[in-house]
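> Contents of structure.tsv (TSV, C-alpha atoms) are given next:
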```tsv
chain	number	residue	atom	x	y	z
A	14	MET	CA	8.47	16.35	-137.52
A	15	ARG	CA	5.49	18.58	-138.14
A	16	ILE	CA	3.48	20.12	-135.35
A	17	HIS	CA	-0.17	21.11	-135.42
A	18	LEU	CA	-0.71	24.64	-134.19
A	19	TRP	CA	-3.98	26.49	-134.56
A	20	ILE	CA	-6.10	29.18	-133.00
A	21	GLU	CA	-9.40	27.92	-131.68
A	22	SER	CA	-12.24	29.28	-129.56
A	23	HIS	CA	-15.50	27.88	-128.24
A	24	ASN	CA	-16.89	28.72	-131.72
A	25	GLY	CA	-14.42	26.37	-133.38
A	26	LEU	CA	-11.20	26.54	-135.32
A	27	SER	CA	-10.50	30.05	-136.50
A	28	PHE	CA	-7.03	29.84	-138.01
A	29	GLY	CA	-4.25	27.37	-138.63
A	30	LEU	CA	-1.54	26.39	-141.09
A	31	GLY	CA	-4.00	25.26	-143.77
A	32	ARG	CA	-5.83	28.58	-143.74
A	33	ALA	CA	-2.56	30.51	-143.72
A	34	MET	CA	-1.43	28.50	-146.75
A	35	LEU	CA	-4.78	29.12	-148.45
A	36	LEU	CA	-4.43	32.87	-147.89
A	37	SER	CA	-0.86	32.73	-149.18
A	38	LYS	CA	-2.06	31.09	-152.38
A	39	VAL	CA	-4.93	33.58	-152.74
A	40	ASP	CA	-2.29	36.30	-152.49
A	41	ARG	CA	-0.13	34.53	-155.07
A	42	PHE	CA	-2.85	33.74	-157.60
A	43	GLY	CA	-5.32	36.58	-156.94
A	44	SER	CA	-8.08	33.97	-156.95
A	45	LEU	CA	-9.70	31.80	-154.29
A	46	ARG	CA	-10.66	29.27	-156.98
A	47	LYS	CA	-7.06	28.94	-158.21
A	48	ALA	CA	-5.78	28.76	-154.63
A	49	ALA	CA	-8.28	25.99	-153.82
A	50	ASP	CA	-7.38	24.06	-157.00
A	51	ASP	CA	-3.67	24.33	-156.18
A	52	MET	CA	-4.34	22.91	-152.72
A	53	GLY	CA	-6.52	20.09	-154.08
A	54	MET	CA	-9.75	21.29	-152.50
A	55	SER	CA	-13.04	22.48	-153.87
A	56	TYR	CA	-13.86	26.16	-154.15
A	57	ARG	CA	-16.83	25.56	-151.85
A	58	ALA	CA	-14.60	24.04	-149.15
A	59	ALA	CA	-12.06	26.86	-149.43
A	60	TRP	CA	-14.76	29.53	-149.28
A	61	GLY	CA	-16.34	27.78	-146.27
A	62	LYS	CA	-13.02	27.79	-144.40
A	63	ILE	CA	-12.45	31.49	-145.11
A	64	ARG	CA	-16.04	32.38	-144.11
A	65	LYS	CA	-15.76	30.37	-140.87
A	66	SER	CA	-12.51	32.11	-139.95
A	67	GLU	CA	-13.97	35.52	-140.74
A	68	GLU	CA	-17.04	34.72	-138.63
A	69	VAL	CA	-15.10	33.43	-135.62
A	70	LEU	CA	-12.43	36.16	-135.76
A	71	GLY	CA	-14.84	38.98	-136.61
A	72	ILE	CA	-12.63	40.31	-139.42
A	73	LYS	CA	-12.59	40.14	-143.22
A	74	LEU	CA	-9.67	38.15	-144.62
A	75	ILE	CA	-10.31	38.52	-148.34
A	76	VAL	CA	-12.29	40.85	-150.59
A	77	ARG	CA	-13.27	40.61	-154.22
A	78	SER	CA	-11.01	42.44	-156.62
A	79	SER	CA	-12.46	44.98	-158.97
A	80	SER	CA	-12.49	42.37	-161.75
A	81	ARG	CA	-15.44	39.98	-161.79
A	82	LYS	CA	-13.39	37.00	-163.00
A	83	ASP	CA	-13.35	35.36	-159.56
A	84	GLY	CA	-10.50	37.59	-158.49
A	85	CYS	CA	-9.90	38.45	-154.86
A	86	GLN	CA	-7.21	39.84	-152.66
A	87	LEU	CA	-6.26	39.76	-149.01
A	88	THR	CA	-7.43	42.51	-146.75
A	89	GLU	CA	-4.76	44.33	-144.77
A	90	MET	CA	-5.78	42.33	-141.69
A	91	GLY	CA	-5.86	39.08	-143.70
A	92	ARG	CA	-2.28	39.69	-144.86
A	93	HIS	CA	-1.14	40.67	-141.37
A	94	LEU	CA	-2.74	37.58	-139.79
A	95	MET	CA	-1.27	35.25	-142.44
A	96	GLU	CA	2.24	36.68	-142.16
A	97	SER	CA	2.17	36.82	-138.35
A	98	TYR	CA	0.81	33.30	-138.04
A	99	LEU	CA	3.47	31.90	-140.40
A	100	ARG	CA	6.28	33.59	-138.44
A	101	TRP	CA	4.81	32.29	-135.16
A	102	PHE	CA	4.41	28.78	-136.58
A	103	ASP	CA	7.99	28.76	-137.87
A	104	GLN	CA	9.40	29.84	-134.50
A	105	VAL	CA	7.33	27.34	-132.52
A	106	GLU	CA	8.18	24.52	-134.92
A	107	ARG	CA	11.93	25.27	-134.78
A	108	GLU	CA	11.83	25.33	-130.98
A	109	ALA	CA	9.80	22.10	-130.86
A	110	LEU	CA	12.31	20.40	-133.19
A	111	ALA	CA	15.23	21.53	-131.03
A	112	ARG	CA	13.57	20.25	-127.83
A	113	ALA	CA	12.48	16.99	-129.49
A	114	SER	CA	16.05	16.38	-130.69
A	115	GLU	CA	17.29	16.88	-127.13
A	116	MET	CA	14.62	14.91	-125.32
A	117	LEU	CA	13.41	12.04	-127.53
A	118	PRO	CA	15.36	8.78	-127.81
A	119	ILE	CA	14.83	8.65	-131.59
A	120	PRO	CA	16.25	10.74	-134.44
A	121	VAL	CA	13.97	13.68	-135.24
A	122	LYS	CA	14.11	15.57	-138.52
A	123	GLY	CA	12.26	18.70	-139.55
A	124	PHE	CA	9.38	18.50	-141.98
A	125	SER	CA	10.39	19.34	-145.54
A	126	ASP	CA	7.67	20.95	-147.64
A	127	PRO	CA	8.20	19.86	-151.28
A	128	GLU	CA	7.19	23.39	-152.40
A	129	SER	CA	9.71	25.14	-150.15
A	130	ASP	CA	13.39	25.71	-150.73
A	131	GLY	CA	14.30	23.94	-147.46
```
Would you mind writing the file's structure down as structure tokens?

Amino acid sequence: MRIHLWIESHNGLSFGLGRAMLLSKVDRFGSLRKAADDMGMSYRAAWGKIRKSEEVLGIKLIVRSSSRKDGCQLTEMGRHLMESYLRWFDQVEREALARASEMLPIPVKGFSDPESDG
């Protein structure tokens, strides 16, 4: 089971699991280009998603690093949003799995991310 949980306003989607994962990979690689490549998306698509979130939320999520080699890093608010969202998502997903196991007449298993330890 995998749930879809995102933050949306009348201006559109502002943040969800995909954007949290993108920020996590930016943090890991120090590069939006490398993060996009690792997720199988174009740099243009990744940059568009970040820009849209920044526009809708009214906050900066990433900034360029001092190096000009396409490096970037998360802002303090970008890191806080990513970490908070991932904790929220995990809690909601665990609760949804528990309720689904109780209520549905079929076996329900949690989603296993091939990149995670679980």
> Could you jot down the atom CA of Met95 of chain A to atom CA of Leu70 of chain A separation for me, Å, one decimal place?
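Going from atom CA of Met95 of chain A over to atom CA of Leu70 of chain A, I get 13.0 Å.
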> If I take atom CA of Arg100 of chain A and atom CA of Ser27 of chain A, how far is one from the other in Å, to one decimal?
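Atom CA of Ser27 of chain A lies 17.3 Å from atom CA of Arg100 of chain A.
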> Could you jot down the atom CA of Leu30 of chain A to atom CA of Ile75 of chain A separation for me, Å, one decimal place?
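One can read the atom CA of Leu30 of chain A to atom CA of Ile75 of chain A distance as 16.6 Å.
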> Using only C-alpha atoms, find all polymer residues with an atom at most 9 Å away from the point (-7.5, 29.4, -139.0); report them as a PyMOL selection string.
chain A and resi 19-21+26-33+62-63+65-66+70
> Please write the residues from the selection above to a file, keeping C-alpha atoms, as a CSV table (one decimal), keeping the file's coordinate frame.

```
chain,number,residue,atom,x,y,z
A,19,TRP,CA,-4.0,26.5,-134.6
A,20,ILE,CA,-6.1,29.2,-133.0
A,21,GLU,CA,-9.4,27.9,-131.7
A,26,LEU,CA,-11.2,26.5,-135.3
A,27,SER,CA,-10.5,30.0,-136.5
A,28,PHE,CA,-7.0,29.8,-138.0
A,29,GLY,CA,-4.2,27.4,-138.6
A,30,LEU,CA,-1.5,26.4,-141.1
A,31,GLY,CA,-4.0,25.3,-143.8
A,32,ARG,CA,-5.8,28.6,-143.7
A,33,ALA,CA,-2.6,30.5,-143.7
A,62,LYS,CA,-13.0,27.8,-144.4
A,63,ILE,CA,-12.4,31.5,-145.1
A,65,LYS,CA,-15.8,30.4,-140.9
A,66,SER,CA,-12.5,32.1,-140.0
A,70,LEU,CA,-12.4,36.2,-135.8
```
> Between A:Ile16, A:Gly53, A:Ala48, A:Gln104, which has the minimum distance to Met34 of chain A (counting only C-alpha atoms)?
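Using only C-alpha atoms, the shortest distance to Met34 of chain A belongs to A:Ala48.
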> When you look at Leu45 of chain A with a cut-off of 8 Å (counting all atoms listed in the file), what residues show up, excluding the ones that are within fewer than 3 positions of it in the same chain? I need them as a PDB file with C-alpha atoms, keeping the file's coordinate frame.

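Dumped to result-v9.pdb:
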```pdb
ATOM      1  CA  LYS A  38      -2.060  31.090-152.380  1.00  0.00           C
ATOM      2  CA  VAL A  39      -4.930  33.580-152.740  1.00  0.00           C
ATOM      3  CA  PHE A  42      -2.850  33.740-157.600  1.00  0.00           C
ATOM      4  CA  ALA A  48      -5.780  28.760-154.630  1.00  0.00           C
ATOM      5  CA  ALA A  49      -8.280  25.990-153.820  1.00  0.00           C
ATOM      6  CA  TYR A  56     -13.860  26.160-154.150  1.00  0.00           C
ATOM      7  CA  ALA A  59     -12.060  26.860-149.430  1.00  0.00           C
ATOM      8  CA  TRP A  60     -14.760  29.530-149.280  1.00  0.00           C
ATOM      9  CA  ASP A  83     -13.350  35.360-159.560  1.00  0.00           C
ATOM     10  CA  GLY A  84     -10.500  37.590-158.490  1.00  0.00           C
ATOM     11  CA  CYS A  85      -9.900  38.450-154.860  1.00  0.00           C
TER      12      CYS A  85
END
```
> Determine the nearest neighbour of Glu67 of chain A from the options A:Ser55, A:Arg112, A:Gly25, A:Phe102, counting only C-alpha atoms.
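Answer, going by the shortest atom-to-atom distance: A:Gly25.
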> Given all atoms listed in the file as the basis, pick out the residue of A:Leu35, A:Lys47, A:Asp40, A:Glu89 nearest to Gly61 of chain A.
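Among the listed residues, the smallest separation from Gly61 of chain A belongs to A:Leu35.
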> Residues near Arg107 of chain A, anyone? I mean within 12 Å using all atoms listed in the file, not counting same-chain ones fewer than 2 positions away, as a PyMOL selection string.
chain A and resi 14-16+100-105+109-114+121-124
> Would you put the residues from that selection into a file with C-alpha atoms, as a short mmCIF file (atom, residue, chain, number, x, y, z; two decimals), in the frame of the given file?

```
data_model
loop_
_atom_site.label_atom_id
_atom_site.label_comp_id
_atom_site.auth_asym_id
_atom_site.auth_seq_id
_atom_site.Cartn_x
_atom_site.Cartn_y
_atom_site.Cartn_z
CA MET A 14 8.47 16.35 -137.52
CA ARG A 15 5.49 18.58 -138.14
CA ILE A 16 3.48 20.12 -135.35
CA ARG A 100 6.28 33.59 -138.44
CA TRP A 101 4.81 32.29 -135.16
CA PHE A 102 4.41 28.78 -136.58
CA ASP A 103 7.99 28.76 -137.87
CA GLN A 104 9.40 29.84 -134.50
CA VAL A 105 7.33 27.34 -132.52
CA ALA A 109 9.80 22.10 -130.86
CA LEU A 110 12.31 20.40 -133.19
CA ALA A 111 15.23 21.53 -131.03
CA ARG A 112 13.57 20.25 -127.83
CA ALA A 113 12.48 16.99 -129.49
CA SER A 114 16.05 16.38 -130.69
CA VAL A 121 13.97 13.68 -135.24
CA LYS A 122 14.11 15.57 -138.52
CA GLY A 123 12.26 18.70 -139.55
CA PHE A 124 9.38 18.50 -141.98
#
```
> Between A:His17, A:Arg64, A:Arg41, A:His23, single out the one closest to Arg92 of chain A, counting all atoms listed in the file.
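Selected residue with least distance to Arg92 of chain A: A:Arg41.
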> Name the closest residue to Gly71 of chain A among the candidates A:Gln86, A:Leu18, A:Arg57, A:Gly91; distances are taken between atoms, counting only C-alpha atoms.
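Looking at the shortest contact to Gly71 of chain A, the residue is A:Gly91.
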> With all atoms listed in the file as the atoms that count, which of A:Met52, A:Leu36, A:Met116, A:Ala58 lies nearest to Met90 of chain A?
A:Leu36
> Is it possible to dump segment 58-94 of chain A as a compact mmCIF listing (two decimals), in the first residue's frame, including just N, CA and C atoms?

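Output (part21.txt):
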```
# COMPACT_ATOMS: atom_id res chain seq x y z
N ALA A 58 12.58 19.76 -15.67
CA ALA A 58 11.39 19.34 -14.92
C ALA A 58 11.61 19.52 -13.42
N ALA A 59 12.79 19.11 -12.94
CA ALA A 59 13.09 19.24 -11.52
C ALA A 59 13.09 20.71 -11.09
N TRP A 60 13.74 21.54 -11.89
CA TRP A 60 13.80 22.97 -11.57
C TRP A 60 12.39 23.58 -11.60
N GLY A 61 11.57 23.16 -12.55
CA GLY A 61 10.20 23.65 -12.62
C GLY A 61 9.38 23.28 -11.40
N LYS A 62 9.56 22.07 -10.90
CA LYS A 62 8.84 21.64 -9.69
C LYS A 62 9.28 22.44 -8.47
N ILE A 63 10.58 22.64 -8.33
CA ILE A 63 11.09 23.44 -7.21
C ILE A 63 10.57 24.88 -7.30
N ARG A 64 10.68 25.47 -8.48
CA ARG A 64 10.21 26.86 -8.67
C ARG A 64 8.73 26.99 -8.35
N LYS A 65 7.91 26.03 -8.82
CA LYS A 65 6.47 26.07 -8.56
C LYS A 65 6.19 26.00 -7.07
N SER A 66 6.88 25.10 -6.36
CA SER A 66 6.69 25.00 -4.92
C SER A 66 7.10 26.29 -4.23
N GLU A 67 8.23 26.85 -4.63
CA GLU A 67 8.69 28.10 -4.02
C GLU A 67 7.69 29.23 -4.26
N GLU A 68 7.13 29.26 -5.46
CA GLU A 68 6.15 30.30 -5.80
C GLU A 68 4.87 30.14 -4.98
N VAL A 69 4.34 28.94 -4.91
CA VAL A 69 3.08 28.70 -4.20
C VAL A 69 3.26 28.89 -2.69
N LEU A 70 4.39 28.39 -2.16
CA LEU A 70 4.63 28.47 -0.72
C LEU A 70 5.16 29.83 -0.26
N GLY A 71 5.77 30.56 -1.19
CA GLY A 71 6.33 31.87 -0.85
C GLY A 71 7.63 31.77 -0.06
N ILE A 72 8.37 30.67 -0.24
CA ILE A 72 9.65 30.49 0.44
C ILE A 72 10.66 29.90 -0.53
N LYS A 73 11.95 30.14 -0.28
CA LYS A 73 13.01 29.53 -1.06
C LYS A 73 13.30 28.16 -0.47
N LEU A 74 13.42 27.16 -1.33
CA LEU A 74 13.73 25.80 -0.89
C LEU A 74 15.19 25.43 -1.10
N ILE A 75 15.77 25.95 -2.19
CA ILE A 75 17.18 25.69 -2.47
C ILE A 75 17.86 26.99 -2.89
N VAL A 76 19.16 27.04 -2.69
CA VAL A 76 19.98 28.16 -3.15
C VAL A 76 21.23 27.59 -3.79
N ARG A 77 21.81 28.35 -4.68
CA ARG A 77 23.06 27.93 -5.31
C ARG A 77 24.17 27.95 -4.28
N SER A 78 25.03 26.95 -4.37
CA SER A 78 26.22 26.92 -3.52
C SER A 78 27.21 27.95 -4.04
N SER A 79 28.26 28.14 -3.31
CA SER A 79 29.27 29.12 -3.75
C SER A 79 29.99 28.66 -5.01
N SER A 80 30.03 27.34 -5.25
CA SER A 80 30.67 26.85 -6.48
C SER A 80 29.70 27.01 -7.65
N ARG A 81 30.23 27.26 -8.82
CA ARG A 81 29.40 27.47 -10.00
C ARG A 81 29.15 26.17 -10.77
N LYS A 82 29.60 25.05 -10.25
CA LYS A 82 29.45 23.78 -10.98
C LYS A 82 28.09 23.15 -10.71
N ASP A 83 27.03 23.94 -10.86
CA ASP A 83 25.67 23.45 -10.72
C ASP A 83 25.34 23.02 -9.29
N GLY A 84 26.16 23.42 -8.36
CA GLY A 84 25.92 23.03 -6.98
C GLY A 84 24.82 23.85 -6.33
N CYS A 85 24.08 23.21 -5.44
CA CYS A 85 23.06 23.93 -4.67
C CYS A 85 22.88 23.23 -3.34
N GLN A 86 22.21 23.90 -2.46
CA GLN A 86 21.94 23.33 -1.15
C GLN A 86 20.55 23.75 -0.70
N LEU A 87 20.02 23.03 0.25
CA LEU A 87 18.71 23.37 0.79
C LEU A 87 18.82 24.59 1.69
N THR A 88 17.79 25.41 1.64
CA THR A 88 17.71 26.49 2.61
C THR A 88 17.30 25.87 3.94
N GLU A 89 17.39 26.63 5.00
CA GLU A 89 16.96 26.14 6.31
C GLU A 89 15.48 25.74 6.25
N MET A 90 14.67 26.58 5.60
CA MET A 90 13.24 26.27 5.49
C MET A 90 13.00 25.08 4.57
N GLY A 91 13.79 24.96 3.50
CA GLY A 91 13.67 23.80 2.61
C GLY A 91 13.95 22.50 3.35
N ARG A 92 15.00 22.51 4.18
CA ARG A 92 15.34 21.31 4.97
C ARG A 92 14.23 21.01 5.99
N HIS A 93 13.76 22.05 6.66
CA HIS A 93 12.71 21.87 7.67
C HIS A 93 11.43 21.31 7.03
N LEU A 94 11.03 21.87 5.89
CA LEU A 94 9.83 21.39 5.20
C LEU A 94 10.00 19.94 4.76
```
